[in-house]
Amino acid sequence: MPRRARKTPLTKNRRRTRPEPRVSKASRAAKASRAAKASREKWVYLFDEGRGDMKELLGGKGANLAEMTRIGLPVPPGFIVTTRACNAFLAAGNQFPQGLWEQALAALRKLEKRAGRSFGDPDNALLVSCRSGARFSMPGMMDTLLNLGLNNAVVEGLAAETGDARFAYDAYRRLVQMFGTVVLDLPDEPFEHVLEEYRRQRGLENDAALPAEDLKAITQSFQRLIREKSGRDFPQEPIEQLRLATEAVFRSWNGKRAVDYRNAAGIAHDLGTAVNIVTMVFGNRGEDSGTGVVTTRNVSTGEREMEGDYLSNAQGEDVVSGTRPTLRISALKELHPKLYAQLERYCEKLERHFRDVQDVEFTIEQGKLWMLQTRDAKRTAQAAVRIAVELAWEKRISRQEAVLRVKPEQIDFFLHPQFAPAEKKAARERGDLLATGLNVSPGAASGVVALDADTAERWSKEEKKAVIMVRPETKPDDVHGMLAAQGILTSRGGRTSHAALVARQFGKPAVVGVSAMEVDCEKRQLTIAGRVLREGDTVSIDGTTGELFAGKLETVIPDLKDPHILELLRWADGFREMGVYANADYPRDAERARELGAEGIGLCRTEHMFFETDRLPHVQRMILARSDAERDEALATLLPFQREDFLGLFRTMKGQPVTIRLIDPPLHEFLPSHDELLHDVTALETRLELLKGKPEAKGLEERLAQKRRLLEAVESMRETNPMLGLRGVRLGIHLPALVRMQVRAIFEAACQCTREGVRVFPKVMIPLIAHSNELRVEKELLESEARAVMKEQRVKVAYQFGTMIEIPRAALTADQIAQDAEFFSFGTNDLTQTTYGISRDDAETGFLGEYLQKRILPENPFATIDQRGVGVLMEMAVKLGRGTRPKLNIGICGEHGGDPKTIAFCHRIGLDYVSCSPYRVPIARLAAAHAALRLET
Ligand code: PEP
Ligand code: MG
């Protein structure tokens, strides 16, 4: 029962009339001690108080600014408000924790002292920026404000001091605009419209050429806009500006685009952002000023050359937003050779210091170079490999580190489709090469043009279309569309533009800065050299070369011949402890797998050979046979086919293990479907009815009889749950002649190879064992046939006999099963299906999607092993199996065998090898090395 509030007698003292919250002495003391602790906590660090290894507390940007200051690079003085302060602010419902603001003001005073300027002093103003900076870089996803400290009086002072009213008002209009959009959350468009109108009146292309009086009028319009739209004035008090800006940057941690980005990049949501308050330096103070972004090496290709963009007389945001065409950094060499050399020296120092390629922002203010930011550079997969290998060659990092620096998934790029050279040539000849832009993120992609992020996302997700998202330039708000698209294309922007950064990070092919392309988002069309493409038309982009084509181009998979990747994989092979095998059914797959580094075949699904058109009729004859003699005859026809298949595999693998699994699927899979047959029979019956008595009826009667026989046979084999029915070992026991034929084919091929001097190592594997007795029966049958063949052929072949573990009971009784099995291979497709009781054929196209979307399951258990369930069974089977047979050889051959997370798990539980599809072999080699190195450290 709810307790009733005790009534408090009315007294004169009104405050006493309210029921007092019932707070115990102890909790009051705890609260007081928390508050005291909060006021003692250090929330603010000057740059020279921090270090590079304090990223968790100071954010990546702040910690690196502190580190650059520490190693003597020219960084404008500043301070950092910590990520803990952000978390405390958000937890308290957007309230600064005690002590924070006082510390920030004290730090500001120190900045003033160092700069010899005062915040808000019209005659000698200090201006600062307020920049977000989380533990992990989230480019453009959170907010930043520049030029804080300007107001109606200070701007005049700045104009007088610099003798440049245009510069002063440009800085002020930027501040007011950013204040409106970032702090007050107003849309950007009304501000842009004002600017556009002034540009139009003057007939100008960009804002840089607007005169001072226009910028002053624009600033006033912006202030009016703020008043109208938000009902409050732009604050003239600089301290209030700083406070509101800091709060806005903290709040932007939970902004939609930041949350989306963190979800996509797998960044935790509870890290918080730091805020960096930095003395402003200006790149827009004339031709001896400028700003730029460089990476210390080429982050598209990995080549050892400084790379990036530069803009004279501009502020940083002009480079990143891609609104003004940038120059390549080499232009700085010509403009200011000494500054270029200085920048090169700083970059070299930074790369050595951080032991990785850096992405650096700098500003030149009237001939003085300032370093504004450094961080480990995002790079393409191709560059990641080359940089890691070359840094190891240069002895800056160890080979182990080099291997660990490349993510297994990045190898995928080298195996990814590229446009076939002949396709491209033909497209060029057809005149379909529309334009060339900057090749900022490699790979080939075709899809329909979508002109905004929402359309791109909708078409891709709901209509399952391949989409190329096309924009004049991208903004952080576009990330959801970019993630959904196959590729990204923009008409503006440089190598370091938002579009380029995001595309590289997520491995999306991208071409930016296609200046020949006009994107008209209102008419929903693109115009390129007079050619008009509408939204929904298909285009192809080559992010490796920067080309844009009309229509769809076919792709090819490249060879794994890049010398850097070969070297990296060689090193990885030296570190890994597990073998990497491939699942391959045909000699051509086996060959590809070997080229990609497979050391054996972990699964040959023999039934796949039965589906080939020249074999299927014999397989059907075997299934439908009404006598043993008829069946034996069909099997005898199949034998040479199977023998040839195995000969091909043995010859390709040259003595490496070839794991051959005997027949597995239910037999109805080899026959026409029941529904189809029923339909055919009914159709034939109807036609015969119409043709009754006519000569044409004769042939039809014959066909009808055949179809009816087939239908009868299919009906007799029908099962309600065929995946839990007569398949795997059960089928082998049911049809021993089929097993004998397969074993004979294996051993005849093995004997023939041995006679030819080709070494062979067959491993014969039985699927879907649930009970050890099943295995024993199969073993006897198989060994007697194998012995018979070897005796006939007078050749002895070493082989192994083993089983798949793909039913929970097999895992639970692995000790008994290991008495007969010399090896285990986890068939995790079936093991997941049978452990979860989820049909592997239906789930992924059905409810599993919903489960994943609603986070009922954290991951698709058919892609990454469910360690808590299926994984426990695997671990148990390993222990039980090796308890019986200590040298038991154990691997995995389900689809999970190519998944890096699963590979790490397999290493941990002591598997000897993983087996995956040929194209995942290089990924598995690297993932296995990571698993071994990570467990070591
Ligand atoms: C498995 O079940 O994991 C397996 C490899 O066999 P299949 O996919 O052929 O059933
Ligand atoms: Mg299976």
# chains A, B, ... in the order shown; residues from 1 in each chain; ligands from 1
call {"tool": "residues_near_ligand", "arguments": {"ligand": "ligand 1", "cutoff": "7 Å", "atoms": "only C-alpha atoms and all ligand atoms", "output": "list in words"}}
result
Arg605, Glu806, Phe826, Gly827, Thr828, Asn829, Asp830, Leu831, Cys893, Gly894 and Glu895 of chain A
call {"tool": "closest_atom_pairs", "arguments": {"of": "chain A", "to": "ligand 2", "cutoff": "12 Å", "atoms": "only C-alpha atoms and all ligand atoms", "output": "Markdown table"}}
result
| residue | atom | partner | partner_atom_place_in_ligand_line | distance |
| --- | --- | --- | --- | --- |
| A:Leu603 | CA | ligand 2 | 1 (Mg) | 10.3 |
| A:Cys604 | CA | ligand 2 | 1 (Mg) | 11.7 |
| A:Arg605 | CA | ligand 2 | 1 (Mg) | 9.6 |
| A:Arg661 | CA | ligand 2 | 1 (Mg) | 9.9 |
| A:Leu662 | CA | ligand 2 | 1 (Mg) | 11.3 |
| A:Ile663 | CA | ligand 2 | 1 (Mg) | 10.6 |
| A:Asp664 | CA | ligand 2 | 1 (Mg) | 7.5 |
| A:Pro665 | CA | ligand 2 | 1 (Mg) | 8.5 |
| A:Pro666 | CA | ligand 2 | 1 (Mg) | 11.5 |
| A:Met723 | CA | ligand 2 | 1 (Mg) | 9.5 |
| A:Leu724 | CA | ligand 2 | 1 (Mg) | 11.1 |
| A:Arg727 | CA | ligand 2 | 1 (Mg) | 9.9 |
| A:Gly728 | CA | ligand 2 | 1 (Mg) | 8.1 |
| A:Val729 | CA | ligand 2 | 1 (Mg) | 10.9 |
| A:Met765 | CA | ligand 2 | 1 (Mg) | 11.5 |
| A:Ile766 | CA | ligand 2 | 1 (Mg) | 10.2 |
| A:Pro767 | CA | ligand 2 | 1 (Mg) | 6.7 |
| A:Leu768 | CA | ligand 2 | 1 (Mg) | 6.6 |
| A:Ile769 | CA | ligand 2 | 1 (Mg) | 10.2 |
| A:Thr803 | CA | ligand 2 | 1 (Mg) | 11.0 |
| A:Met804 | CA | ligand 2 | 1 (Mg) | 7.8 |
| A:Ile805 | CA | ligand 2 | 1 (Mg) | 8.6 |
| A:Glu806 | CA | ligand 2 | 1 (Mg) | 6.3 |
| A:Ile807 | CA | ligand 2 | 1 (Mg) | 9.0 |
| A:Ser825 | CA | ligand 2 | 1 (Mg) | 10.2 |
| A:Phe826 | CA | ligand 2 | 1 (Mg) | 8.7 |
| A:Gly827 | CA | ligand 2 | 1 (Mg) | 5.1 |
| A:Thr828 | CA | ligand 2 | 1 (Mg) | 7.2 |
| A:Asn829 | CA | ligand 2 | 1 (Mg) | 5.8 |
| A:Asp830 | CA | ligand 2 | 1 (Mg) | 4.6 |
| A:Leu831 | CA | ligand 2 | 1 (Mg) | 7.5 |
| A:Thr832 | CA | ligand 2 | 1 (Mg) | 9.7 |
| A:Gln833 | CA | ligand 2 | 1 (Mg) | 9.3 |
| A:Thr834 | CA | ligand 2 | 1 (Mg) | 10.1 |
| A:Arg840 | CA | ligand 2 | 1 (Mg) | 10.3 |
| A:Asp841 | CA | ligand 2 | 1 (Mg) | 11.9 |
| A:Ile892 | CA | ligand 2 | 1 (Mg) | 11.0 |
| A:Cys893 | CA | ligand 2 | 1 (Mg) | 8.9 |
| A:Gly894 | CA | ligand 2 | 1 (Mg) | 7.3 |
| A:Glu895 | CA | ligand 2 | 1 (Mg) | 10.0 |
call {"tool": "closest_residue", "arguments": {"among": "A:Asp520, A:Asp170, A:Asp585, A:Glu701", "to": "Ser917 (chain A)", "atoms": "only C-alpha atoms"}}
result
A:Asp585
call {"tool": "residues_around", "arguments": {"residues": "region 453-460 of chain A", "least_positions_apart": "3", "cutoff": "7 Å", "atoms": "only C-alpha atoms", "output": "ChimeraX atom specification"}}
result
/A:450,463-467,469,478,480-482,484-485
call {"tool": "write_last_selection", "arguments": {"atoms": "all heavy atoms", "output": "PDB file, in the first residue's frame"}}
result
ATOM      1  N   ALA A 450      21.326   8.942 -56.627  1.00  0.00           N
ATOM      2  CA  ALA A 450      20.386   9.455 -55.623  1.00  0.00           C
ATOM      3  C   ALA A 450      20.939  10.797 -55.167  1.00  0.00           C
ATOM      4  O   ALA A 450      22.113  10.889 -54.818  1.00  0.00           O
ATOM      5  CB  ALA A 450      20.273   8.500 -54.455  1.00  0.00           C
ATOM      6  N   GLU A 463      14.235  -0.400 -51.240  1.00  0.00           N
ATOM      7  CA  GLU A 463      14.041  -0.899 -52.603  1.00  0.00           C
ATOM      8  C   GLU A 463      15.200  -1.770 -53.062  1.00  0.00           C
ATOM      9  O   GLU A 463      15.239  -2.221 -54.199  1.00  0.00           O
ATOM     10  CB  GLU A 463      13.813   0.272 -53.555  1.00  0.00           C
ATOM     11  CG  GLU A 463      12.574   1.060 -53.146  1.00  0.00           C
ATOM     12  CD  GLU A 463      12.264   2.209 -54.101  1.00  0.00           C
ATOM     13  OE1 GLU A 463      12.704   2.180 -55.258  1.00  0.00           O
ATOM     14  OE2 GLU A 463      11.565   3.132 -53.654  1.00  0.00           O
ATOM     15  N   LYS A 464      16.153  -1.981 -52.153  1.00  0.00           N
ATOM     16  CA  LYS A 464      17.294  -2.867 -52.424  1.00  0.00           C
ATOM     17  C   LYS A 464      18.023  -2.498 -53.715  1.00  0.00           C
ATOM     18  O   LYS A 464      18.402  -3.354 -54.514  1.00  0.00           O
ATOM     19  CB  LYS A 464      16.832  -4.344 -52.504  1.00  0.00           C
ATOM     20  CG  LYS A 464      16.032  -4.819 -51.309  1.00  0.00           C
ATOM     21  CD  LYS A 464      16.937  -5.136 -50.119  1.00  0.00           C
ATOM     22  CE  LYS A 464      16.188  -5.534 -48.884  1.00  0.00           C
ATOM     23  NZ  LYS A 464      16.320  -4.703 -47.738  1.00  0.00           N
ATOM     24  N   LYS A 465      18.128  -1.203 -53.967  1.00  0.00           N
ATOM     25  CA  LYS A 465      18.837  -0.778 -55.172  1.00  0.00           C
ATOM     26  C   LYS A 465      20.285  -0.468 -54.814  1.00  0.00           C
ATOM     27  O   LYS A 465      20.563   0.006 -53.714  1.00  0.00           O
ATOM     28  CB  LYS A 465      18.214   0.514 -55.710  1.00  0.00           C
ATOM     29  CG  LYS A 465      16.893   0.323 -56.406  1.00  0.00           C
ATOM     30  CD  LYS A 465      16.427   1.678 -56.931  1.00  0.00           C
ATOM     31  CE  LYS A 465      15.061   1.570 -57.547  1.00  0.00           C
ATOM     32  NZ  LYS A 465      14.427   2.867 -57.709  1.00  0.00           N
ATOM     33  N   ALA A 466      21.173  -0.700 -55.786  1.00  0.00           N
ATOM     34  CA  ALA A 466      22.539  -0.201 -55.607  1.00  0.00           C
ATOM     35  C   ALA A 466      22.487   1.279 -55.943  1.00  0.00           C
ATOM     36  O   ALA A 466      21.953   1.665 -56.983  1.00  0.00           O
ATOM     37  CB  ALA A 466      23.478  -0.932 -56.539  1.00  0.00           C
ATOM     38  N   VAL A 467      23.031   2.101 -55.045  1.00  0.00           N
ATOM     39  CA  VAL A 467      22.877   3.543 -55.182  1.00  0.00           C
ATOM     40  C   VAL A 467      24.238   4.225 -55.194  1.00  0.00           C
ATOM     41  O   VAL A 467      25.136   3.825 -54.462  1.00  0.00           O
ATOM     42  CB  VAL A 467      22.060   4.068 -53.962  1.00  0.00           C
ATOM     43  CG1 VAL A 467      22.089   5.579 -53.905  1.00  0.00           C
ATOM     44  CG2 VAL A 467      20.629   3.571 -54.017  1.00  0.00           C
ATOM     45  N   MET A 469      25.451   7.867 -54.251  1.00  0.00           N
ATOM     46  CA  MET A 469      24.940   9.126 -53.720  1.00  0.00           C
ATOM     47  C   MET A 469      25.725  10.284 -54.348  1.00  0.00           C
ATOM     48  O   MET A 469      26.953  10.304 -54.296  1.00  0.00           O
ATOM     49  CB  MET A 469      25.080   9.159 -52.206  1.00  0.00           C
ATOM     50  CG  MET A 469      24.434  10.389 -51.635  1.00  0.00           C
ATOM     51  SD  MET A 469      24.331  10.273 -49.857  1.00  0.00           S
ATOM     52  CE  MET A 469      25.063  11.820 -49.438  1.00  0.00           C
ATOM     53  N   ASP A 478      24.894  13.949 -43.922  1.00  0.00           N
ATOM     54  CA  ASP A 478      24.649  13.032 -45.035  1.00  0.00           C
ATOM     55  C   ASP A 478      25.158  11.623 -44.764  1.00  0.00           C
ATOM     56  O   ASP A 478      25.042  10.747 -45.623  1.00  0.00           O
ATOM     57  CB  ASP A 478      25.364  13.551 -46.299  1.00  0.00           C
ATOM     58  CG  ASP A 478      24.752  14.843 -46.793  1.00  0.00           C
ATOM     59  OD1 ASP A 478      23.533  15.000 -46.657  1.00  0.00           O
ATOM     60  OD2 ASP A 478      25.499  15.685 -47.321  1.00  0.00           O
ATOM     61  N   HIS A 480      24.314   8.996 -43.129  1.00  0.00           N
ATOM     62  CA  HIS A 480      23.457   7.805 -43.263  1.00  0.00           C
ATOM     63  C   HIS A 480      23.286   7.411 -44.731  1.00  0.00           C
ATOM     64  O   HIS A 480      23.274   6.234 -45.062  1.00  0.00           O
ATOM     65  CB  HIS A 480      22.111   8.006 -42.568  1.00  0.00           C
ATOM     66  CG  HIS A 480      21.299   9.151 -43.101  1.00  0.00           C
ATOM     67  ND1 HIS A 480      21.666  10.458 -42.935  1.00  0.00           N
ATOM     68  CD2 HIS A 480      20.143   9.181 -43.797  1.00  0.00           C
ATOM     69  CE1 HIS A 480      20.767  11.253 -43.504  1.00  0.00           C
ATOM     70  NE2 HIS A 480      19.830  10.497 -44.044  1.00  0.00           N
ATOM     71  N   GLY A 481      23.189   8.413 -45.611  1.00  0.00           N
ATOM     72  CA  GLY A 481      23.065   8.115 -47.038  1.00  0.00           C
ATOM     73  C   GLY A 481      24.361   7.561 -47.596  1.00  0.00           C
ATOM     74  O   GLY A 481      24.360   6.650 -48.433  1.00  0.00           O
ATOM     75  N   MET A 482      25.467   8.103 -47.126  1.00  0.00           N
ATOM     76  CA  MET A 482      26.767   7.643 -47.628  1.00  0.00           C
ATOM     77  C   MET A 482      27.000   6.188 -47.227  1.00  0.00           C
ATOM     78  O   MET A 482      27.541   5.392 -47.988  1.00  0.00           O
ATOM     79  CB  MET A 482      27.880   8.516 -47.053  1.00  0.00           C
ATOM     80  CG  MET A 482      27.723   9.965 -47.463  1.00  0.00           C
ATOM     81  SD  MET A 482      28.794  11.067 -46.530  1.00  0.00           S
ATOM     82  CE  MET A 482      30.344  10.847 -47.364  1.00  0.00           C
ATOM     83  N   ALA A 484      24.708   3.984 -46.750  1.00  0.00           N
ATOM     84  CA  ALA A 484      23.797   3.091 -47.473  1.00  0.00           C
ATOM     85  C   ALA A 484      24.205   2.940 -48.936  1.00  0.00           C
ATOM     86  O   ALA A 484      23.860   1.955 -49.580  1.00  0.00           O
ATOM     87  CB  ALA A 484      22.375   3.637 -47.380  1.00  0.00           C
ATOM     88  N   ALA A 485      24.957   3.930 -49.450  1.00  0.00           N
ATOM     89  CA  ALA A 485      25.286   3.922 -50.883  1.00  0.00           C
ATOM     90  C   ALA A 485      26.447   2.972 -51.190  1.00  0.00           C
ATOM     91  O   ALA A 485      27.233   2.631 -50.314  1.00  0.00           O
ATOM     92  CB  ALA A 485      25.652   5.335 -51.311  1.00  0.00           C
TER      93      ALA A 485
END
call {"tool": "select_by_dssp", "arguments": {"residues": "region 611-731 of chain A", "states": "helix (DSSP H, G or I)", "output": "ChimeraX atom specification"}}
result
/A:616-624,628-653,667-670,674-691,697-717,722-724,729-731
call {"tool": "residues_around", "arguments": {"residues": "Ala402 (chain A)", "least_positions_apart": "4", "cutoff": "9 Å", "atoms": "only C-alpha atoms", "output": "VMD selection string"}}
result
chain A and resid 385 387 to 392 397 to 398 406 568 571
call {"tool": "atom_distance", "arguments": {"atom1": "CA of Ala625 (chain A)", "atom2": "CA of Ala749 (chain A)"}}
result
26.5 Å
call {"tool": "residues_around", "arguments": {"residues": "region 117-131 of chain A", "least_positions_apart": "3", "cutoff": "7 Å", "atoms": "only C-alpha atoms", "output": "list in words"}}
result
Glu112, Lys113, Asp143, Thr144, Leu145, Leu146, Asn147, Leu148, Gly149, Leu150, Ala153, Val154, Gly157, Pro238, Ala245, Thr246, Val275, Asn276, Ile277, Val278, Thr279 and Met280 of chain A
call {"tool": "closest_residue", "arguments": {"among": "A:Arg787, A:Arg594, A:His734, A:Arg297", "to": "Glu348 (chain A)", "atoms": "only C-alpha atoms"}}
result
A:Arg297
call {"tool": "closest_residue", "arguments": {"among": "A:Val294, A:Ala134, A:Ala798, A:Ile267", "to": "Trp253 (chain A)", "atoms": "only C-alpha atoms"}}
result
A:Ala134
call {"tool": "residues_around", "arguments": {"residues": "Gly574 (chain A)", "least_positions_apart": "3", "cutoff": "12 Å", "atoms": "only C-alpha atoms", "output": "count of residues only"}}
result
18
call {"tool": "select_by_dssp", "arguments": {"residues": "region 197-410 of chain A", "states": "strand (DSSP E or B)", "output": "CSV table (one decimal) with N, CA and C atoms, in the first residue's frame"}}
result
chain,number,residue,atom,x,y,z
A,273,THR,N,32.8,14.2,-25.1
A,273,THR,CA,33.8,14.9,-25.9
A,273,THR,C,34.5,15.9,-25.0
A,274,ALA,N,35.8,16.2,-25.3
A,274,ALA,CA,36.4,17.3,-24.6
A,274,ALA,C,36.1,18.6,-25.4
A,275,VAL,N,36.4,19.7,-24.8
A,275,VAL,CA,36.3,21.0,-25.6
A,275,VAL,C,37.7,21.7,-25.5
A,276,ASN,N,38.1,22.1,-26.7
A,276,ASN,CA,39.4,22.7,-26.8
A,276,ASN,C,39.2,24.2,-27.0
A,277,ILE,N,39.7,25.0,-26.1
A,277,ILE,CA,39.6,26.5,-26.3
A,277,ILE,C,41.0,26.9,-26.7
A,278,VAL,N,41.1,27.4,-27.9
A,278,VAL,CA,42.4,27.7,-28.5
A,278,VAL,C,42.4,29.2,-29.0
A,279,THR,N,43.6,29.8,-28.8
A,279,THR,CA,43.8,31.1,-29.3
A,279,THR,C,43.6,31.1,-30.8
A,290,GLY,N,47.3,31.7,-45.0
A,290,GLY,CA,46.5,30.6,-45.6
A,290,GLY,C,46.3,29.5,-44.7
A,291,THR,N,45.7,28.4,-45.1
A,291,THR,CA,45.4,27.3,-44.3
A,291,THR,C,45.4,26.0,-45.1
A,292,GLY,N,45.7,24.9,-44.4
A,292,GLY,CA,45.8,23.7,-45.2
A,292,GLY,C,45.7,22.5,-44.3
A,293,VAL,N,45.5,21.4,-45.0
A,293,VAL,CA,45.4,20.1,-44.3
A,293,VAL,C,46.3,19.1,-45.1
A,294,VAL,N,47.2,18.5,-44.4
A,294,VAL,CA,48.1,17.5,-45.1
A,294,VAL,C,48.2,16.2,-44.3
A,295,THR,N,48.4,15.2,-45.1
A,295,THR,CA,48.8,13.9,-44.4
A,295,THR,C,50.3,13.7,-44.7
A,307,GLU,N,50.9,15.0,-48.7
A,307,GLU,CA,49.8,15.1,-49.6
A,307,GLU,C,48.7,15.9,-48.9
A,308,GLY,N,48.1,16.8,-49.7
A,308,GLY,CA,47.0,17.5,-49.1
A,308,GLY,C,46.6,18.8,-49.9
A,309,ASP,N,45.8,19.6,-49.2
A,309,ASP,CA,45.2,20.8,-49.9
A,309,ASP,C,45.7,22.0,-49.1
A,310,TYR,N,45.7,23.1,-49.9
A,310,TYR,CA,46.1,24.4,-49.3
A,310,TYR,C,45.2,25.5,-49.9
A,311,LEU,N,44.8,26.4,-49.1
A,311,LEU,CA,44.1,27.6,-49.6
A,311,LEU,C,44.7,28.9,-49.1
A,312,SER,N,45.0,29.7,-50.0
A,312,SER,CA,45.6,31.0,-49.6
A,312,SER,C,44.5,31.9,-49.0
A,327,LEU,N,44.1,24.2,-53.6
A,327,LEU,CA,45.3,23.9,-54.4
A,327,LEU,C,45.9,22.7,-53.8
A,328,ARG,N,46.7,22.0,-54.5
A,328,ARG,CA,47.5,20.9,-53.9
A,328,ARG,C,48.6,21.5,-53.1
A,358,GLN,N,50.4,10.9,-40.0
A,358,GLN,CA,49.6,11.9,-39.4
A,358,GLN,C,48.8,12.7,-40.4
A,359,ASP,N,47.7,13.2,-39.9
A,359,ASP,CA,46.8,14.1,-40.6
A,359,ASP,C,46.8,15.4,-39.9
A,360,VAL,N,47.4,16.4,-40.5
A,360,VAL,CA,47.8,17.6,-39.8
A,360,VAL,C,47.0,18.8,-40.4
A,361,GLU,N,46.6,19.7,-39.5
A,361,GLU,CA,46.0,20.9,-39.9
A,361,GLU,C,46.9,22.1,-39.5
A,362,PHE,N,47.1,23.0,-40.4
A,362,PHE,CA,48.0,24.1,-40.1
A,362,PHE,C,47.4,25.4,-40.6
A,363,THR,N,47.9,26.5,-40.1
A,363,THR,CA,47.5,27.8,-40.6
A,363,THR,C,48.7,28.7,-40.6
A,364,ILE,N,48.8,29.5,-41.7
A,364,ILE,CA,49.9,30.4,-41.8
A,364,ILE,C,49.2,31.8,-41.6
A,365,GLU,N,49.7,32.5,-40.5
A,365,GLU,CA,49.2,33.8,-40.3
A,365,GLU,C,50.3,34.8,-40.5
A,368,LYS,N,53.7,33.3,-40.5
A,368,LYS,CA,54.1,32.4,-39.3
A,368,LYS,C,53.2,31.2,-39.4
A,369,LEU,N,53.9,30.0,-39.3
A,369,LEU,CA,53.3,28.7,-39.4
A,369,LEU,C,52.8,28.2,-38.0
A,370,TRP,N,51.5,27.9,-37.9
A,370,TRP,CA,51.0,27.4,-36.7
A,370,TRP,C,50.4,26.0,-36.9
A,371,MET,N,50.7,25.1,-36.0
A,371,MET,CA,50.1,23.7,-36.1
A,371,MET,C,48.9,23.6,-35.3
A,372,LEU,N,47.8,23.3,-35.9
A,372,LEU,CA,46.5,23.3,-35.2
A,372,LEU,C,45.9,22.0,-34.8
A,373,GLN,N,46.4,21.0,-35.4
A,373,GLN,CA,45.9,19.6,-35.1
A,373,GLN,C,46.8,18.6,-35.7
A,374,THR,N,46.9,17.4,-35.0
A,374,THR,CA,47.5,16.3,-35.6
A,374,THR,C,46.8,15.0,-35.1
A,375,ARG,N,46.6,14.1,-35.9
A,375,ARG,CA,46.0,12.8,-35.5
A,375,ARG,C,46.5,11.7,-36.5
A,376,ASP,N,46.3,10.5,-36.0
A,376,ASP,CA,46.7,9.4,-36.9
A,376,ASP,C,45.7,9.5,-38.1
call {"tool": "closest_residue", "arguments": {"among": "A:Leu560, A:Leu415, A:Ala683, A:Ile528", "to": "Leu434 (chain A)", "atoms": "only C-alpha atoms"}}
result
A:Ile528
call {"tool": "residues_around", "arguments": {"residues": "region 438-441 of chain A", "least_positions_apart": "6", "cutoff": "12 Å", "atoms": "only C-alpha atoms", "output": "PyMOL selection string"}}
result
chain A and resi 298-301+307-308+326+328+378-383+413+486-516+541-548
call {"tool": "write_last_selection", "arguments": {"atoms": "C-alpha atoms", "output": "tab-separated table (two decimals), in the first residue's frame"}}
result
chain	number	residue	atom	x	y	z
A	298	ASN	CA	49.57	9.69	-49.38
A	299	VAL	CA	46.59	8.14	-47.63
A	300	SER	CA	45.02	6.86	-50.84
A	301	THR	CA	47.99	4.88	-52.11
A	307	GLU	CA	49.80	15.11	-49.57
A	308	GLY	CA	46.96	17.53	-49.07
A	326	THR	CA	41.75	24.07	-53.10
A	328	ARG	CA	47.48	20.86	-53.94
A	378	LYS	CA	42.53	7.70	-41.80
A	379	ARG	CA	43.58	5.79	-44.86
A	380	THR	CA	42.37	3.46	-47.54
A	381	ALA	CA	42.94	-0.24	-47.15
A	382	GLN	CA	45.58	-0.10	-49.85
A	383	ALA	CA	47.41	2.71	-48.07
A	413	PHE	CA	39.78	-4.39	-50.73
A	486	GLN	CA	27.66	1.77	-52.92
A	487	GLY	CA	29.69	4.81	-53.82
A	488	ILE	CA	29.92	8.58	-53.38
A	489	LEU	CA	30.29	11.25	-56.03
A	490	THR	CA	30.57	15.01	-55.47
A	491	SER	CA	31.12	17.95	-57.74
A	492	ARG	CA	33.13	19.92	-55.20
A	493	GLY	CA	35.63	19.16	-52.48
A	494	GLY	CA	39.19	17.91	-52.20
A	495	ARG	CA	41.04	14.94	-50.87
A	496	THR	CA	40.42	16.00	-47.32
A	497	SER	CA	36.79	16.99	-47.82
A	498	HIS	CA	34.16	15.44	-45.64
A	499	ALA	CA	33.05	13.10	-48.44
A	500	ALA	CA	36.59	11.83	-48.94
A	501	LEU	CA	37.27	11.23	-45.25
A	502	VAL	CA	34.08	9.35	-44.58
A	503	ALA	CA	34.32	7.29	-47.77
A	504	ARG	CA	37.84	6.19	-46.96
A	505	GLN	CA	36.97	5.27	-43.46
A	506	PHE	CA	34.10	3.06	-44.47
A	507	GLY	CA	35.80	1.66	-47.56
A	508	LYS	CA	33.29	3.16	-50.00
A	509	PRO	CA	34.53	3.97	-53.47
A	510	ALA	CA	34.39	7.75	-53.94
A	511	VAL	CA	35.16	10.35	-56.55
A	512	VAL	CA	34.99	13.99	-55.47
A	513	GLY	CA	35.63	17.39	-57.01
A	514	VAL	CA	34.14	16.53	-60.40
A	515	SER	CA	34.00	20.18	-61.41
A	516	ALA	CA	32.61	19.37	-64.86
A	541	ILE	CA	32.47	5.44	-60.50
A	542	ASP	CA	36.04	4.28	-60.23
A	543	GLY	CA	37.41	5.51	-56.94
A	544	THR	CA	40.86	4.21	-57.86
A	545	THR	CA	41.22	6.45	-60.93
A	546	GLY	CA	38.59	9.13	-60.32
A	547	GLU	CA	36.58	8.32	-63.43
A	548	LEU	CA	32.83	8.71	-63.79
